Structures are given as structure tokens and as C-alpha cells.
Amino acid sequence: MKKKINLKSKVVEIVSLVALAILAVTYLVMMGDRLSPYMLQTLLNQTIITAVVSTGAVFIYTTGAFDISLGSAVAVSAISGAMVYNKTESLFLMFLTMIAVGLLIELIDSALAAFLNLPVFVTTIAMLSVLSALVKIMIASGGGAKIEVPRAVVKTLDSVGLKVLILVVFIGLCIFIYNYTALGRREKFLGGNPICAKLTGISVKKLSILAFLIAGVGVGLAAFLTVVRAPTITTSTASSIGMDVIIAIVFGGMPASGGARSKISAALVGSVSMVLLSQIMVILNFSAGISQCVKSILFLAVVTLSGLKGRKAMLTR
Amino acid sequence: MKTGKSSIAKRLLGICTIPAGTILIFYIICAFRGIAFFETSNHVLIFFRSVATVTLTTFALSINLDSGRFDFSLGSIALLASVVGSTITLNYGLPPAAMLVITLIAGIVLGAFSGLLYVLLKLPALITSLGVTLLYESLVSIISGSGVSFGTQPELTQFSKGIPNMILVIVIALAFMYIVMNYTKFGFHYAALKDGQKVAVDTGIKEVGNAIGCYAIAGAMMGMVGYINATLTGTIQASLDFGSIGAMFVAFLPMFIGGFIGRFSENHFGMVLGAVTYAAIQLGFVRLGLSSEVQSLVSALVLVGFLIYLNNEHTLAALFTGKKKGGA
């Protein structure tokens, strides 16, 4: 009996990985001979931005909070960096600006919540409106409907090697912080039991700000990757990332309430799964509506199975 | 103990300051710019329509959010309910009243289904609502393609063009929420569950039924929002990839203003006044010719500013009066 329970619990733990494996096999079988380096590069391009933002965002989700404004934050960072490049013609300064703006936005977000006692979800919703408006204002200030960095300049950076390097280094760093430092352990403790964490002397404010700052680095890196991939920035650039991140993280097996069961891998597993699912829908020639319908059903199914272990008698809020 | 007139005056002040103050400020700014706040009857209509849709959305958002259930699916319910209502009405050549009834019923069913999924899957409401949003948006696209258009049938687009209709919607919605939440068993159970879930469940209150009921009410409100929006232009635009979630963002400021005014009055009445404030701000921005970007920027800043006040009012009061926190 105990063995049975343990087996069920193990299966529940790896539901997201099983879903990813099934999606990957389905994709490979459907692609067959058509699978080419170009197709894999397309997959990487579609995965990497969401994966980078999601990986940073895991720190926020671990504390039991969430940030809906990450997509707009990526857009503002990307535009700021592009503007700096157009003034200075320095790619290095462009990169630094993107990271700095990403950090600044997340710092404002977290400081508002931490020092002015605002509910995090409302802060990020207000931030979403502010940043979306800023995107439009900044683009309009350029006198047109877009801001761009010359394609020839970023073309040299648009390589698989650099993108994989950025992804691997960032995820590696996050895994190290998350699993092998006091910061990561405290983040999980805070998400699992905020009252207890506070009573043991953990600084909730400091931890929240650090979580948002790590997400800010992800935002900056994603902004850089966005410009490298598509150097023309419009009002719709990165607009869907905010929600994609939530979907990816949850699909990847992250509990919405954060805590000890949180894991960095959820970001990558979820991001890759979502891209594979979209590609399978494209191969099957499904319309956008049917694709989204399948996505929603699969999302609810996987998340329900993943959540079986943490079910409570009362309704979860 | 303060009695009589001073207490009533204080309550009146608490109730009226924010909405009346906002309208007054915009009246003055407009007057300085040589513009009338309500120049034509169309401005009055825009104002009341805004109050109606924002009131309904605020009721829909708050009924679940006050109980800790974050619901992203409100916009998608409005969208799908209006698509179902208009499609059936157009296909069967039904009268406008039928479209209203069908849209409302569709909203209730969609809301209840969302609640049913929440209680069956036992996932956090936020997660369930993400899945539901994706599902409902996809159904809109599957049913209607890129959307529904009935602009060529003027009888179907009359409802949202009448000021009395909008006032009627506000009054009925307020009366419904006021009675249900303050004078029914459902409302008492809701309040008990909201303030102490475990204790309420332990005393035998049926949490599941109450939660589904809340979702159904939210669905009804959003069905009505969908109907008003659809009859405004005669077109319903399909929306995918969470494009519908923006519809709920208008409700945050009125909800928090409602919570503040609720200290001096009834909570739902406060939310209507919050919606009045929001509608006044929006109309004021339009009359002053501010761009939509500046409008959303200022609206968000007003929301943040108000929340900063609400969450720090004791500290602020202590700061201005010189009293120390926790002093005897």
C-alpha cells in the first residue's frame, strides 16, 4: 500500500516531464525526415526568450507571488537599449542598458510592494498598465511606429551558440542560487510558510526584492535576445510574454503557491513544452482557435495531475 | 460617543469626497481650458455607459477576489457570452430582447462552468482561470472566426445607446448585489467563508455551492458587460492568447475605492461610486484630449497612489498629526 502511494506520488512529481517527453516524441515522429537544423533553430528561437524570463520569474513564484508585467518590462528594456544603441552605436552599452532597465523595473515593482505594503498582484497589474503605456510613448517619441537597431549590427550576434550560452549560463546561475545558497532555501521557506519564515527572522522584504531583481536580470537578457532576433521593436513586441511565462511555469510543474515543491526546471520544461505543442498544432494545420482549445485542455489536464499531491480538503485560494 | 448630525456628516463626507471631488476637479480643469465636461448628450451617455460596464465588472471581479480567488477569465466570459447571444439571435432571427436574455444566460452558464472546474480540479483559482480563459477565447474563435458583426441591424444595437437603459442596468445590478449579499443565506455564507474559510466549513457551510454561485453571479455580470459592448458597435472581435484579460483591469480602482467608501456605507454602493469616479476620470481625460497612452499611465498611477494611501493611512495620519504608532 505504501509502495503504491509512493509510486503515485513519484508519478505526480514527473507529470510535466512525461508531458514534455510525449510532446517531444510526437513532434519528432510527425516531423520525420523534415527535421532539419533550421527547424531546431526555430524551436530554439521560440523557446529561449520565454525560458529566460520564466527562469528568473521562478524566484518570484517561489515566494508565492506572481508578476504579470514581465512582457511589458521586456519591451521597455528592449526599447531603452535600442535607443541607447542609436545614440552611442555601442552594443555593449545597449546590453548594459537592457539589464539595468530590467533591474530597475523589477526593483520599483518589488519596492512598491515591500516598502509601501501594496499587494504584489495589484502592483504588477498597475505596472503592466504603466509599462504598456511607456512602450507606446517611447516608440511614438521616435517619430514613427517602431524603433530599430540596424539589422546588420545585430546579425553577428544572432547565432545559436550565443543564445545557448546565455540560456545555459543564466539557468546554471539560477540553479546554483536556488539549490545551493541560503537565498534559494529561504525563498522556498518563505513561499511554503510566510508566517513561520518571518518568525524565524527572515527578512521578507529583502527576499522579495532579491527575487524580483533576479527576474529583472532575466528581463534584461530577454530584451537583448528579442532585439538580436528581431531588431525592429513595435508596440506588440514581447506583448504575450507575461502570460506565456505564467503558463510555462505552471505547465512545467511549479505549484502556484510556491514553496518547497518549486523548481527551476519548471521554467525550461514548461517553455519547451509550450513551443513543441504550438509546433505540433502547426504541423496538424489546426486553426488558431482549435490550437488554443487543445492547449487549454492539455494545460488544465497536466496542471491538475501535477497538483494531485498538494491537494487540500478545502478549496484552494 | 459621537451622535446624530456629526456622525451623519462624517459618513456623507466619506461617501461623497472621492467621486464628487474627482468630478469637481475635472469640471474645474475643463473650465480653465474652456471646455464643458458634459458638452453634448453623447458625453452623458458615454459617462453612464462607462459607469454601467465598470460597475458590473467590479462586482464580477470583487465577488471572487474578496474571497481570495483571482479570476482572469472575466473578459473571455463577456466575449463568449456575447458571441453565443448574438450568433443564436442572428441565426434564428430573434428580437433584441432575446439576445439580451440569451447573452445573460450564457454568461451565467459560462461563469458556473468556470466555478465547477475550479471546485472539481481543486487547483488555485488563478490557475483554473488561466485554462478557462484560453478555452473560452478559443471557443469564440471556433464559433465566430474573427468575430461577429450585426451592425447592419440597427434594432440590435439600440440598447447601449440609451441613457435610461444604462441607469437601469446600474440600479438592477446594485439592487441584486445588495439584496443577495446582505439579505440571503447565500450572502451570509459568503461573508462567513470570506472571513474564515476553515471555521465556516467546519460549521457546515457548503463551500462548493457557494463558490459556484459566486462564479455564476460573476458570469451574469460579465454576460451583461458583453451585451453592452456588443450592442455598442454591432461587432464582436475575437481575441486569442489572453487578449481578453485587459477587460478586468478597469475594475481594480473602483473596487478599492468601493472598499474605502464601504467604511461609511454599503460596500457595493461604494463600488458604484468607485465606478462613477473611474468613469469621470476617463471622460475627463477624453475631454482634455489626452492620448490613450497618457490615460492608461495616469490611471495606473492613480491606482498605485490610492493603494499607497489605503495601505499606509495610519502611518500617514501619524506622520501628519505627530502621533507615534502604537502609542497609548
# chains A, B, ... in the order shown; residues from 1 in each chain; ligands from 1
>>> select_by_dssp(residues="region 30-245 of chain B", states="alpha helix (DSSP H)", output="PyMOL selection string")
chain B and resi 30-32+41-65+74-92+96-121+125-144+163-183+185-195+197-202+207-233
>>> select_by_dssp(residues="region 58-262 of chain B", states="strand (DSSP E or B)", output="list in words")
Gly147, Val148, Ser149, Thr235, Ile236 and Gln237 of chain B
>>> write_last_selection(atoms="N, CA and C atoms", output="CSV table (one decimal), in the first residue's frame")
chain,number,residue,atom,x,y,z
B,147,GLY,N,-14.8,37.0,-35.6
B,147,GLY,CA,-15.8,37.8,-34.8
B,147,GLY,C,-17.2,37.8,-35.4
B,148,VAL,N,-18.1,38.5,-34.8
B,148,VAL,CA,-19.5,38.6,-35.2
B,148,VAL,C,-19.8,40.0,-35.6
B,149,SER,N,-20.6,40.2,-36.6
B,149,SER,CA,-21.0,41.6,-37.0
B,149,SER,C,-22.5,41.7,-37.2
B,235,THR,N,-20.4,45.0,-33.4
B,235,THR,CA,-19.3,44.0,-33.8
B,235,THR,C,-18.7,43.4,-32.5
B,236,ILE,N,-18.3,42.1,-32.6
B,236,ILE,CA,-17.6,41.5,-31.5
B,236,ILE,C,-16.3,40.9,-32.2
B,237,GLN,N,-15.2,41.4,-31.7
B,237,GLN,CA,-13.9,41.0,-32.2
B,237,GLN,C,-13.4,39.8,-31.4
>>> interface_residues(of="chain A", to="chain B", cutoff="9 Å", atoms="only C-alpha atoms", output="PyMOL selection string")
chain A and resi 112+116-119+122-123+125-137+240+243-244+246-247+250+256-257+287-301+303-304+307-308+311-317
>>> closest_residue(among="B:Ile179, B:Phe306, B:Gly284, B:Thr152", to="Phe38 (chain B)", atoms="only C-alpha atoms")
B:Gly284
>>> residues_around(residues="region 44-51 of chain A", least_positions_apart="4", cutoff="10 Å", atoms="only C-alpha atoms", output="PyMOL selection string")
chain A and resi 38-40+55-57+71+74+158-160+163-164+166-167+171+218-219+221-226+229+238+240-246+248-249+265-276+278-279
>>> write_last_selection(atoms="N, CA and C atoms", output="short mmCIF file (atom, residue, chain, number, x, y, z; two decimals), in the first residue's frame")
data_model
loop_
_atom_site.label_atom_id
_atom_site.label_comp_id
_atom_site.auth_asym_id
_atom_site.auth_seq_id
_atom_site.Cartn_x
_atom_site.Cartn_y
_atom_site.Cartn_z
N TYR A 38 17.57 23.88 -39.32
CA TYR A 38 16.80 25.13 -39.37
C TYR A 38 15.57 25.03 -38.46
N MET A 39 14.91 23.85 -38.50
CA MET A 39 13.72 23.66 -37.66
C MET A 39 14.08 23.71 -36.18
N LEU A 40 15.22 23.10 -35.86
CA LEU A 40 15.66 23.12 -34.46
C LEU A 40 16.01 24.53 -34.00
N THR A 55 12.71 31.50 -16.15
CA THR A 55 13.69 31.03 -15.18
C THR A 55 13.90 32.08 -14.08
N GLY A 56 14.02 33.33 -14.49
CA GLY A 56 14.16 34.39 -13.48
C GLY A 56 12.89 34.53 -12.65
N ALA A 57 11.75 34.37 -13.34
CA ALA A 57 10.46 34.56 -12.65
C ALA A 57 10.18 33.47 -11.63
N GLY A 71 6.23 40.81 -19.56
CA GLY A 71 6.29 41.04 -21.01
C GLY A 71 6.52 42.50 -21.34
N VAL A 74 10.02 43.52 -20.55
CA VAL A 74 10.96 43.14 -21.62
C VAL A 74 10.91 44.19 -22.74
N ASP A 158 23.23 37.09 -33.77
CA ASP A 158 22.08 36.18 -33.92
C ASP A 158 22.57 34.76 -34.23
N SER A 159 23.30 34.17 -33.29
CA SER A 159 23.81 32.82 -33.51
C SER A 159 23.31 31.87 -32.44
N VAL A 160 23.18 30.62 -32.82
CA VAL A 160 22.70 29.60 -31.88
C VAL A 160 23.65 29.52 -30.68
N LYS A 163 23.10 32.29 -28.11
CA LYS A 163 21.80 32.15 -27.42
C LYS A 163 21.85 31.01 -26.41
N VAL A 164 22.42 29.89 -26.85
CA VAL A 164 22.52 28.74 -25.94
C VAL A 164 23.41 29.09 -24.75
N ILE A 166 23.90 32.05 -23.40
CA ILE A 166 23.15 32.92 -22.48
C ILE A 166 22.18 32.08 -21.65
N LEU A 167 21.45 31.19 -22.33
CA LEU A 167 20.46 30.36 -21.64
C LEU A 167 21.13 29.47 -20.59
N ILE A 171 20.58 29.90 -16.63
CA ILE A 171 19.91 28.81 -15.91
C ILE A 171 20.86 28.19 -14.88
N GLY A 218 16.71 38.39 -15.86
CA GLY A 218 16.07 37.61 -16.92
C GLY A 218 15.38 38.51 -17.93
N VAL A 219 14.71 39.55 -17.41
CA VAL A 219 14.02 40.51 -18.28
C VAL A 219 15.02 41.19 -19.21
N LEU A 221 18.05 40.17 -20.11
CA LEU A 221 18.60 39.21 -21.08
C LEU A 221 17.59 38.92 -22.19
N ALA A 222 16.32 38.77 -21.79
CA ALA A 222 15.28 38.50 -22.79
C ALA A 222 15.12 39.67 -23.75
N ALA A 223 15.27 40.90 -23.22
CA ALA A 223 15.20 42.09 -24.07
C ALA A 223 16.32 42.05 -25.11
N PHE A 224 17.52 41.68 -24.65
CA PHE A 224 18.67 41.58 -25.55
C PHE A 224 18.41 40.53 -26.64
N LEU A 225 17.94 39.36 -26.21
CA LEU A 225 17.66 38.29 -27.18
C LEU A 225 16.55 38.69 -28.16
N THR A 226 15.59 39.46 -27.65
CA THR A 226 14.49 39.92 -28.51
C THR A 226 15.03 40.81 -29.63
N ARG A 229 17.09 38.90 -32.15
CA ARG A 229 16.26 38.09 -33.07
C ARG A 229 15.45 38.97 -34.03
N ALA A 238 7.04 41.50 -27.61
CA ALA A 238 7.05 40.85 -26.28
C ALA A 238 5.73 40.95 -25.52
N SER A 240 3.11 39.17 -25.45
CA SER A 240 2.48 37.96 -24.91
C SER A 240 3.34 37.25 -23.87
N ILE A 241 4.55 37.78 -23.66
CA ILE A 241 5.48 37.06 -22.77
C ILE A 241 4.95 36.92 -21.34
N GLY A 242 4.31 37.99 -20.84
CA GLY A 242 3.82 37.97 -19.46
C GLY A 242 2.96 36.75 -19.17
N MET A 243 1.99 36.49 -20.06
CA MET A 243 1.11 35.35 -19.83
C MET A 243 1.79 34.04 -20.21
N ASP A 244 2.64 34.08 -21.25
CA ASP A 244 3.37 32.86 -21.64
C ASP A 244 4.20 32.33 -20.47
N VAL A 245 4.77 33.27 -19.73
CA VAL A 245 5.61 32.88 -18.59
C VAL A 245 4.78 32.16 -17.53
N ILE A 246 3.61 32.71 -17.23
CA ILE A 246 2.76 32.08 -16.21
C ILE A 246 2.39 30.66 -16.66
N ALA A 248 3.89 28.74 -18.88
CA ALA A 248 5.05 27.85 -18.96
C ALA A 248 5.46 27.35 -17.58
N ILE A 249 5.53 28.27 -16.63
CA ILE A 249 5.98 27.88 -15.29
C ILE A 249 5.02 26.87 -14.65
N SER A 265 13.67 23.96 -12.87
CA SER A 265 13.47 23.24 -14.13
C SER A 265 12.09 23.48 -14.73
N ALA A 266 11.12 23.87 -13.88
CA ALA A 266 9.75 24.08 -14.37
C ALA A 266 9.72 25.09 -15.52
N ALA A 267 10.59 26.10 -15.41
CA ALA A 267 10.60 27.15 -16.43
C ALA A 267 10.99 26.59 -17.80
N LEU A 268 12.07 25.82 -17.81
CA LEU A 268 12.56 25.28 -19.09
C LEU A 268 11.60 24.21 -19.62
N VAL A 269 11.17 23.32 -18.72
CA VAL A 269 10.26 22.23 -19.14
C VAL A 269 8.98 22.84 -19.73
N GLY A 270 8.43 23.83 -19.03
CA GLY A 270 7.18 24.45 -19.49
C GLY A 270 7.35 25.20 -20.80
N SER A 271 8.45 25.95 -20.90
CA SER A 271 8.67 26.74 -22.12
C SER A 271 8.83 25.83 -23.34
N VAL A 272 9.66 24.79 -23.18
CA VAL A 272 9.87 23.88 -24.32
C VAL A 272 8.57 23.16 -24.67
N SER A 273 7.83 22.73 -23.64
CA SER A 273 6.57 22.02 -23.89
C SER A 273 5.60 22.88 -24.69
N MET A 274 5.48 24.14 -24.28
CA MET A 274 4.52 25.03 -24.96
C MET A 274 4.90 25.26 -26.42
N VAL A 275 6.21 25.41 -26.67
CA VAL A 275 6.66 25.62 -28.06
C VAL A 275 6.43 24.35 -28.88
N LEU A 276 6.74 23.20 -28.30
CA LEU A 276 6.53 21.94 -29.02
C LEU A 276 5.05 21.76 -29.35
N SER A 278 2.79 24.09 -29.72
CA SER A 278 2.42 25.03 -30.80
C SER A 278 2.88 24.49 -32.15
N GLN A 279 4.09 23.93 -32.19
CA GLN A 279 4.62 23.41 -33.45
C GLN A 279 3.80 22.21 -33.94
#
>>> atom_distance(atom1="CA of Phe159 (chain B)", atom2="CA of Asn42 (chain B)")
14.3 Å
>>> closest_residue(among="A:Val120, A:Ala113, A:Val18, A:Leu277", to="Ile68 (chain A)", atoms="only C-alpha atoms")
A:Val120
>>> residues_around(residues="region 91-101 of chain A", least_positions_apart="2", cutoff="9 Å", atoms="only C-alpha atoms", output="ChimeraX atom specification")
/A:73-74,76-86,88-89,103-106,153-154,216-224
>>> write_last_selection(atoms="C-alpha atoms", output="PDB file, in the first residue's frame")
ATOM      1  CA  ALA A  73       9.112  45.014 -18.848  1.00  0.00           C
ATOM      2  CA  VAL A  74      10.964  43.144 -21.617  1.00  0.00           C
ATOM      3  CA  VAL A  76      10.572  48.687 -22.215  1.00  0.00           C
ATOM      4  CA  SER A  77      14.064  47.254 -21.642  1.00  0.00           C
ATOM      5  CA  ALA A  78      14.423  46.406 -25.322  1.00  0.00           C
ATOM      6  CA  ILE A  79      13.323  49.881 -26.432  1.00  0.00           C
ATOM      7  CA  SER A  80      15.609  51.593 -23.900  1.00  0.00           C
ATOM      8  CA  GLY A  81      18.552  49.514 -25.100  1.00  0.00           C
ATOM      9  CA  ALA A  82      17.749  50.213 -28.750  1.00  0.00           C
ATOM     10  CA  MET A  83      17.541  53.950 -28.034  1.00  0.00           C
ATOM     11  CA  VAL A  84      20.917  53.861 -26.300  1.00  0.00           C
ATOM     12  CA  TYR A  85      22.428  51.984 -29.245  1.00  0.00           C
ATOM     13  CA  ASN A  86      21.047  54.530 -31.690  1.00  0.00           C
ATOM     14  CA  THR A  88      26.004  55.658 -28.896  1.00  0.00           C
ATOM     15  CA  GLU A  89      26.364  52.892 -31.501  1.00  0.00           C
ATOM     16  CA  LEU A 103      16.601  45.514 -12.852  1.00  0.00           C
ATOM     17  CA  LEU A 104      15.160  48.987 -12.284  1.00  0.00           C
ATOM     18  CA  ILE A 105      11.637  47.984 -13.321  1.00  0.00           C
ATOM     19  CA  GLU A 106      11.647  44.945 -11.070  1.00  0.00           C
ATOM     20  CA  VAL A 153      24.724  45.264 -36.477  1.00  0.00           C
ATOM     21  CA  VAL A 154      22.904  42.538 -34.531  1.00  0.00           C
ATOM     22  CA  GLY A 216      14.961  41.613 -13.651  1.00  0.00           C
ATOM     23  CA  VAL A 217      18.191  40.081 -14.955  1.00  0.00           C
ATOM     24  CA  GLY A 218      16.066  37.610 -16.924  1.00  0.00           C
ATOM     25  CA  VAL A 219      14.018  40.505 -18.285  1.00  0.00           C
ATOM     26  CA  GLY A 220      17.160  42.315 -19.439  1.00  0.00           C
ATOM     27  CA  LEU A 221      18.605  39.213 -21.082  1.00  0.00           C
ATOM     28  CA  ALA A 222      15.276  38.500 -22.789  1.00  0.00           C
ATOM     29  CA  ALA A 223      15.198  42.089 -24.070  1.00  0.00           C
ATOM     30  CA  PHE A 224      18.669  41.583 -25.553  1.00  0.00           C
TER      31      PHE A 224
END
>>> closest_residue(among="A:Ile147, A:Phe189, A:Leu284, A:Val25", to="Ser203 (chain A)", atoms="only C-alpha atoms")
A:Phe189
